[in-house]
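S.K.: Below is the file target24.tsv, with TSV, C-alpha atoms.
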chain	number	residue	atom	x	y	z
A	204	ASN	CA	24.65	-64.54	127.70
A	205	ALA	CA	26.04	-63.08	124.51
A	206	GLY	CA	26.30	-65.59	121.69
A	207	VAL	CA	23.23	-67.78	122.28
A	208	THR	CA	19.91	-66.22	121.29
A	209	GLN	CA	16.54	-67.80	121.90
A	210	THR	CA	13.27	-66.77	120.28
A	211	PRO	CA	10.59	-66.21	121.32
A	212	LYS	CA	11.15	-65.18	124.95
A	213	PHE	CA	7.56	-65.86	125.98
A	214	ARG	CA	4.70	-67.81	124.47
A	215	VAL	CA	1.28	-69.04	125.51
A	216	LEU	CA	-0.24	-71.96	123.65
A	217	LYS	CA	-3.46	-73.92	123.82
A	218	THR	CA	-3.34	-77.67	124.30
A	219	GLY	CA	-2.85	-79.38	120.98
A	220	GLN	CA	-1.21	-76.45	119.21
A	221	SER	CA	2.22	-76.77	117.69
A	222	MET	CA	5.17	-74.43	117.75
A	223	THR	CA	8.90	-74.20	117.17
A	224	LEU	CA	11.48	-72.63	119.44
A	225	LEU	CA	14.57	-71.26	117.77
A	226	CYS	CA	18.08	-71.22	119.15
A	227	ALA	CA	20.86	-69.43	117.30
A	228	GLN	CA	24.53	-69.22	118.26
A	229	ASP	CA	27.25	-67.15	116.61
A	230	MET	CA	30.27	-68.83	118.22
A	231	ASN	CA	30.67	-71.57	115.61
A	232	HIS	CA	30.07	-74.22	118.27
A	233	GLU	CA	29.63	-77.83	117.23
A	234	TYR	CA	27.47	-78.92	120.15
A	235	MET	CA	23.99	-77.60	120.90
A	236	TYR	CA	21.50	-78.62	123.56
A	237	TRP	CA	17.89	-78.08	124.59
A	238	TYR	CA	16.90	-78.25	128.26
A	239	ARG	CA	13.74	-77.65	130.23
A	240	GLN	CA	13.69	-76.18	133.72
A	241	ASP	CA	10.80	-76.79	136.09
A	242	PRO	CA	10.29	-75.25	139.57
A	243	GLY	CA	12.59	-76.68	142.21
A	244	MET	CA	14.50	-78.76	139.71
A	245	GLY	CA	17.69	-78.50	137.79
A	246	LEU	CA	17.79	-78.38	134.02
A	247	ARG	CA	16.94	-81.61	132.24
A	248	LEU	CA	18.25	-82.45	128.81
A	249	ILE	CA	15.62	-82.89	126.09
A	250	HIS	CA	17.68	-83.35	122.92
A	251	TYR	CA	21.14	-82.44	121.77
A	252	SER	CA	23.24	-82.22	118.62
A	253	VAL	CA	26.92	-82.91	118.09
A	254	GLY	CA	27.03	-81.27	114.70
A	255	GLU	CA	25.07	-80.05	111.70
A	256	GLY	CA	22.57	-82.65	110.54
A	257	THR	CA	22.80	-84.76	113.72
A	258	THR	CA	20.49	-84.99	116.71
A	259	ALA	CA	20.14	-87.32	119.67
A	260	LYS	CA	17.74	-87.89	122.55
A	261	GLY	CA	18.44	-86.67	126.04
A	262	GLU	CA	16.81	-87.48	129.35
A	263	VAL	CA	13.27	-86.26	128.59
A	264	PRO	CA	12.73	-86.35	124.79
A	265	ASP	CA	9.09	-87.46	124.59
A	266	GLY	CA	6.76	-84.95	122.96
A	267	TYR	CA	9.59	-82.97	121.35
A	268	ASN	CA	11.43	-83.05	118.04
A	269	VAL	CA	14.54	-81.19	116.99
A	270	SER	CA	16.42	-80.29	113.84
A	271	ARG	CA	19.92	-78.97	113.14
A	272	LEU	CA	19.88	-78.07	109.44
A	273	LYS	CA	22.45	-75.32	109.90
A	274	LYS	CA	25.35	-75.37	112.33
A	275	GLN	CA	24.31	-72.13	114.00
A	276	ASN	CA	20.66	-73.05	114.56
A	277	PHE	CA	18.97	-75.69	116.69
A	278	LEU	CA	15.17	-75.90	116.53
A	279	LEU	CA	12.92	-77.46	119.16
A	280	GLY	CA	9.43	-78.43	118.06
A	281	LEU	CA	6.30	-79.30	119.96
A	282	GLU	CA	3.92	-81.09	117.61
A	283	SER	CA	0.93	-81.19	119.95
A	284	ALA	CA	1.48	-79.14	123.08
A	285	ALA	CA	0.36	-80.51	126.45
A	286	PRO	CA	0.05	-78.73	129.81
A	287	SER	CA	2.90	-80.89	131.13
A	288	GLN	CA	5.17	-79.07	128.68
A	289	THR	CA	4.68	-75.77	130.48
A	290	SER	CA	8.22	-74.90	131.42
A	291	VAL	CA	11.18	-72.66	130.80
A	292	TYR	CA	13.28	-73.91	127.91
A	293	PHE	CA	16.98	-73.23	127.67
A	294	CYS	CA	19.30	-73.71	124.76
A	295	ALA	CA	23.05	-74.10	125.17
A	296	SER	CA	26.04	-74.47	122.90
A	297	ALA	CA	29.62	-75.55	123.41
A	298	ASP	CA	32.91	-76.27	121.74
A	299	SER	CA	34.25	-79.78	122.14
A	300	ASN	CA	36.39	-79.01	125.19
A	301	GLN	CA	34.57	-76.06	126.70
A	302	PRO	CA	31.64	-75.69	129.12
A	303	GLN	CA	28.17	-75.00	127.77
A	304	HIS	CA	26.96	-71.44	127.28
A	305	PHE	CA	23.25	-70.81	127.82
A	306	GLY	CA	20.65	-68.53	126.28
A	307	ASP	CA	18.21	-66.52	128.39
A	308	GLY	CA	15.36	-68.98	128.00
A	309	THR	CA	11.89	-69.23	126.51
A	310	ARG	CA	8.99	-69.21	128.94
A	311	LEU	CA	6.24	-71.42	127.56
A	312	SER	CA	2.77	-71.84	129.03
A	313	ILE	CA	0.33	-74.43	127.74
A	314	LEU	CA	-3.29	-73.82	128.66
B	172	GLY	CA	19.69	-91.65	134.88
B	173	GLN	CA	22.36	-90.01	136.95
B	174	GLN	CA	21.25	-87.77	139.79
B	175	LEU	CA	22.95	-85.06	141.75
B	176	ASN	CA	22.06	-84.20	145.32
B	177	GLN	CA	22.65	-80.50	145.90
B	178	SER	CA	22.41	-78.93	149.33
B	179	PRO	CA	21.24	-76.84	150.89
B	180	GLN	CA	18.12	-76.04	148.87
B	181	SER	CA	18.09	-72.47	150.15
B	182	MET	CA	20.16	-70.20	152.34
B	183	PHE	CA	19.56	-66.87	154.02
B	184	ILE	CA	22.76	-65.15	155.07
B	185	GLN	CA	23.91	-61.74	156.21
B	186	GLU	CA	25.99	-59.61	153.90
B	187	GLY	CA	29.66	-60.27	154.58
B	188	GLU	CA	29.20	-63.88	155.65
B	189	ASP	CA	30.77	-66.83	153.88
B	190	VAL	CA	28.64	-69.44	152.11
B	191	SER	CA	29.20	-73.08	151.30
B	192	MET	CA	27.15	-75.43	149.15
B	193	ASN	CA	27.85	-78.88	147.80
B	194	CYS	CA	26.79	-81.59	145.42
B	195	THR	CA	27.13	-85.34	145.69
B	196	SER	CA	26.45	-88.13	143.27
B	197	SER	CA	26.49	-91.90	143.15
B	198	SER	CA	28.15	-91.64	139.73
B	199	ILE	CA	31.56	-90.47	138.62
B	200	PHE	CA	31.88	-87.31	136.52
B	201	ASN	CA	34.70	-86.15	134.28
B	202	THR	CA	34.04	-82.49	134.95
B	203	TRP	CA	32.22	-80.47	137.57
B	204	LEU	CA	30.73	-77.11	136.77
B	205	TRP	CA	29.12	-74.43	138.89
B	206	TYR	CA	26.60	-72.03	137.37
B	207	LYS	CA	24.66	-69.07	138.72
B	208	GLN	CA	21.20	-68.14	137.47
B	209	ASP	CA	19.63	-64.72	137.97
B	210	PRO	CA	15.86	-64.24	137.61
B	211	GLY	CA	14.76	-64.27	133.99
B	212	GLU	CA	18.14	-65.28	132.68
B	213	GLY	CA	19.98	-68.41	131.73
B	214	PRO	CA	22.69	-70.05	133.85
B	215	VAL	CA	26.08	-68.38	133.69
B	216	LEU	CA	29.24	-70.37	134.25
B	217	LEU	CA	31.17	-69.50	137.42
B	218	ILE	CA	33.82	-72.20	137.72
B	219	ALA	CA	34.80	-75.32	135.80
B	220	LEU	CA	36.76	-78.17	137.40
B	221	TYR	CA	38.49	-80.77	135.25
B	222	LYS	CA	40.63	-82.90	137.57
B	223	ALA	CA	39.87	-84.88	140.70
B	224	GLY	CA	41.16	-82.96	143.70
B	225	GLU	CA	41.36	-79.70	141.76
B	226	LEU	CA	40.76	-76.53	143.78
B	227	THR	CA	39.96	-73.45	141.70
B	228	SER	CA	39.18	-69.86	142.63
B	229	ASN	CA	37.42	-67.11	140.75
B	230	GLY	CA	37.49	-63.93	142.82
B	231	ARG	CA	35.53	-64.60	145.99
B	232	LEU	CA	34.43	-68.01	144.72
B	233	THR	CA	36.31	-71.23	145.38
B	234	ALA	CA	35.29	-74.66	144.18
B	235	GLN	CA	36.78	-78.12	144.50
B	236	PHE	CA	36.44	-81.32	142.48
B	237	GLY	CA	36.18	-84.16	144.99
B	238	ILE	CA	38.94	-86.75	144.97
B	239	THR	CA	36.40	-89.54	144.40
B	240	ARG	CA	35.00	-87.59	141.40
B	241	LYS	CA	31.55	-87.95	142.92
B	242	ASP	CA	31.26	-84.62	144.69
B	243	SER	CA	32.08	-80.94	144.55
B	244	PHE	CA	31.65	-77.89	146.73
B	245	LEU	CA	31.42	-74.16	146.12
B	246	ASN	CA	32.37	-71.52	148.66
B	247	ILE	CA	31.57	-67.83	148.43
B	248	SER	CA	33.48	-65.56	150.77
B	249	ALA	CA	32.37	-62.17	152.09
B	250	SER	CA	28.97	-62.29	150.40
B	251	ILE	CA	27.49	-59.18	148.81
B	252	PRO	CA	23.93	-58.38	147.67
B	253	SER	CA	24.64	-59.21	144.03
B	254	ASP	CA	25.45	-62.80	145.04
B	255	VAL	CA	21.70	-63.38	145.30
B	256	GLY	CA	20.50	-66.00	142.84
B	257	ILE	CA	20.26	-69.72	142.26
B	258	TYR	CA	23.47	-71.71	142.14
B	259	PHE	CA	23.58	-74.97	140.23
B	260	CYS	CA	26.19	-77.67	140.19
B	261	ALA	CA	26.49	-79.80	137.09
B	262	GLY	CA	28.42	-82.97	136.44
B	263	GLN	CA	29.62	-83.72	132.94
B	264	VAL	CA	30.24	-87.08	131.31
B	265	ILE	CA	31.46	-87.86	127.82
B	266	LEU	CA	29.19	-90.18	125.85
B	267	GLY	CA	30.68	-90.91	122.47
B	268	SER	CA	31.32	-87.51	120.93
B	269	ALA	CA	28.84	-85.70	123.17
B	270	ARG	CA	29.30	-84.08	126.54
B	271	GLN	CA	26.23	-84.37	128.70
B	272	LEU	CA	25.47	-82.40	131.82
B	273	THR	CA	23.44	-83.53	134.80
B	274	PHE	CA	22.28	-80.66	136.99
B	275	GLY	CA	21.62	-80.43	140.69
B	276	SER	CA	18.32	-78.95	141.80
B	277	GLY	CA	19.92	-75.67	142.80
B	278	THR	CA	20.67	-73.62	145.93
B	279	GLN	CA	18.65	-70.43	146.29
B	280	LEU	CA	20.86	-67.84	147.99
B	281	THR	CA	19.44	-64.75	149.67
B	282	VAL	CA	21.81	-62.14	151.08
B	283	LEU	CA	20.34	-59.89	153.73
B	284	PRO	CA	21.74	-56.37	154.15
Could you quickly redo this structure as structure tokens?
M.R.:
Amino acid sequence: NAGVTQTPKFRVLKTGQSMTLLCAQDMNHEYMYWYRQDPGMGLRLIHYSVGEGTTAKGEVPDGYNVSRLKKQNFLLGLESAAPSQTSVYFCASADSNQPQHFGDGTRLSIL
Amino acid sequence: GQQLNQSPQSMFIQEGEDVSMNCTSSSIFNTWLWYKQDPGEGPVLLIALYKAGELTSNGRLTAQFGITRKDSFLNISASIPSDVGIYFCAGQVILGSARQLTFGSGTQLTVLP
């Protein structure tokens, strides 16, 4: 999945802690997305961005915030982590007329 | 929100056999995409379909965009061990300037030697 890099790859948090997941893409894509993937389910959209300085809510935005201060970066924040946020998080980016390209994911466990 | 019904949930096949999986929806999509996900990795695009009725091949993979725009199928011919993984369909709609994907729940494919 060259082009979309997610950090960290793994993280364990305690309930109530905060953290930020970073997504970086080097393809000059306008659109960026954050998804979560839970067992037996497809990816669900949390938030997305159609350009630098813009963000919008997806299907499951509650408990998350995002920022797109630079075109190449899309940050996903958890202000107060909850066990229900244990999941694998995927970032994706795309050009306006092209399919989304995904990173390799961040595996997050909330104890 | 929109939902995709992907079937089957899992498949066990012998190496060399052909495979077919499909997705249906109650909503219309502008684009259908098929992704494959290997363990510990993100989804990788296999085939993108942009027109109703479109039939597209990528090597041993063939996919079609249903004429009603509410369904799509993926066929894999002459399966090999490296075909093992989870296959996801995704329907795309355009909302304003954004393109949003709705994913199926995936088909877990196991290829037996």
S.K.: Check the smallest atom-to-atom distance from each of A:Ala259, A:Cys226, A:Asn276, A:Pro286 to A:Gln209 using all atoms listed in the file, then report the winner.
M.R.: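 Looking only at the distances to A:Gln209, the closest residue turns out to be A:Cys226.
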S.K.: Neighbouring residues of stretch 266-278 of chain B were defined as those with any atom within 10 Å, considering all atoms listed in the file; residues of the same chain fewer than 4 positions away were excluded. Please report them as number ranges by chain.
M.R.: A: 233-236, 240-248, 251-254, 259, 261-262, 297-303; B: 172-182, 192-196, 200-208, 256-262
S.K.: Taking (0.2, -81.0, 126.0) in the coordinates of the supplied file, I want to know which residues reach to within 7 Å of it, counting all atoms listed in the file; could you give the answer as a list of chain:residue names?
M.R.: A:Thr218, A:Gly219, A:Ser283, A:Ala284, A:Ala285, A:Pro286, A:Ser287, A:Gln288, A:Ile313
S.K.: Atom CA of B:Glu186 and atom CA of B:Leu283, how far apart in Å?
M.R.: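 Separating atom CA of B:Leu283 from atom CA of B:Glu186 is a distance of 5.7 Å.
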S.K.: Is it possible to get the axis-aligned box enclosing stretch 286-303 of chain A (all listed atoms, 4 Å extra per side) as AutoDock Vina command-line options, with centre and edge lengths in Å rounded to one decimal?
M.R.:
--center_x 18.2 --center_y -76.8 --center_z 126.6 --size_x 44.3 --size_y 16.2 --size_z 17.7
S.K.: Identify the residues within 7 Å of coordinate (30.6, -64.1, 148.9) (same frame as the file), considering only C-alpha atoms, and give the answer as a PyMOL selection string.
M.R.: chain B and resi 187-190+231-232+247-251+254
S.K.: Between atom CA of B:Arg240 and atom CA of B:Ser228, what is the distance in Å, rounded to a tenth?
M.R.: 18.3 Å
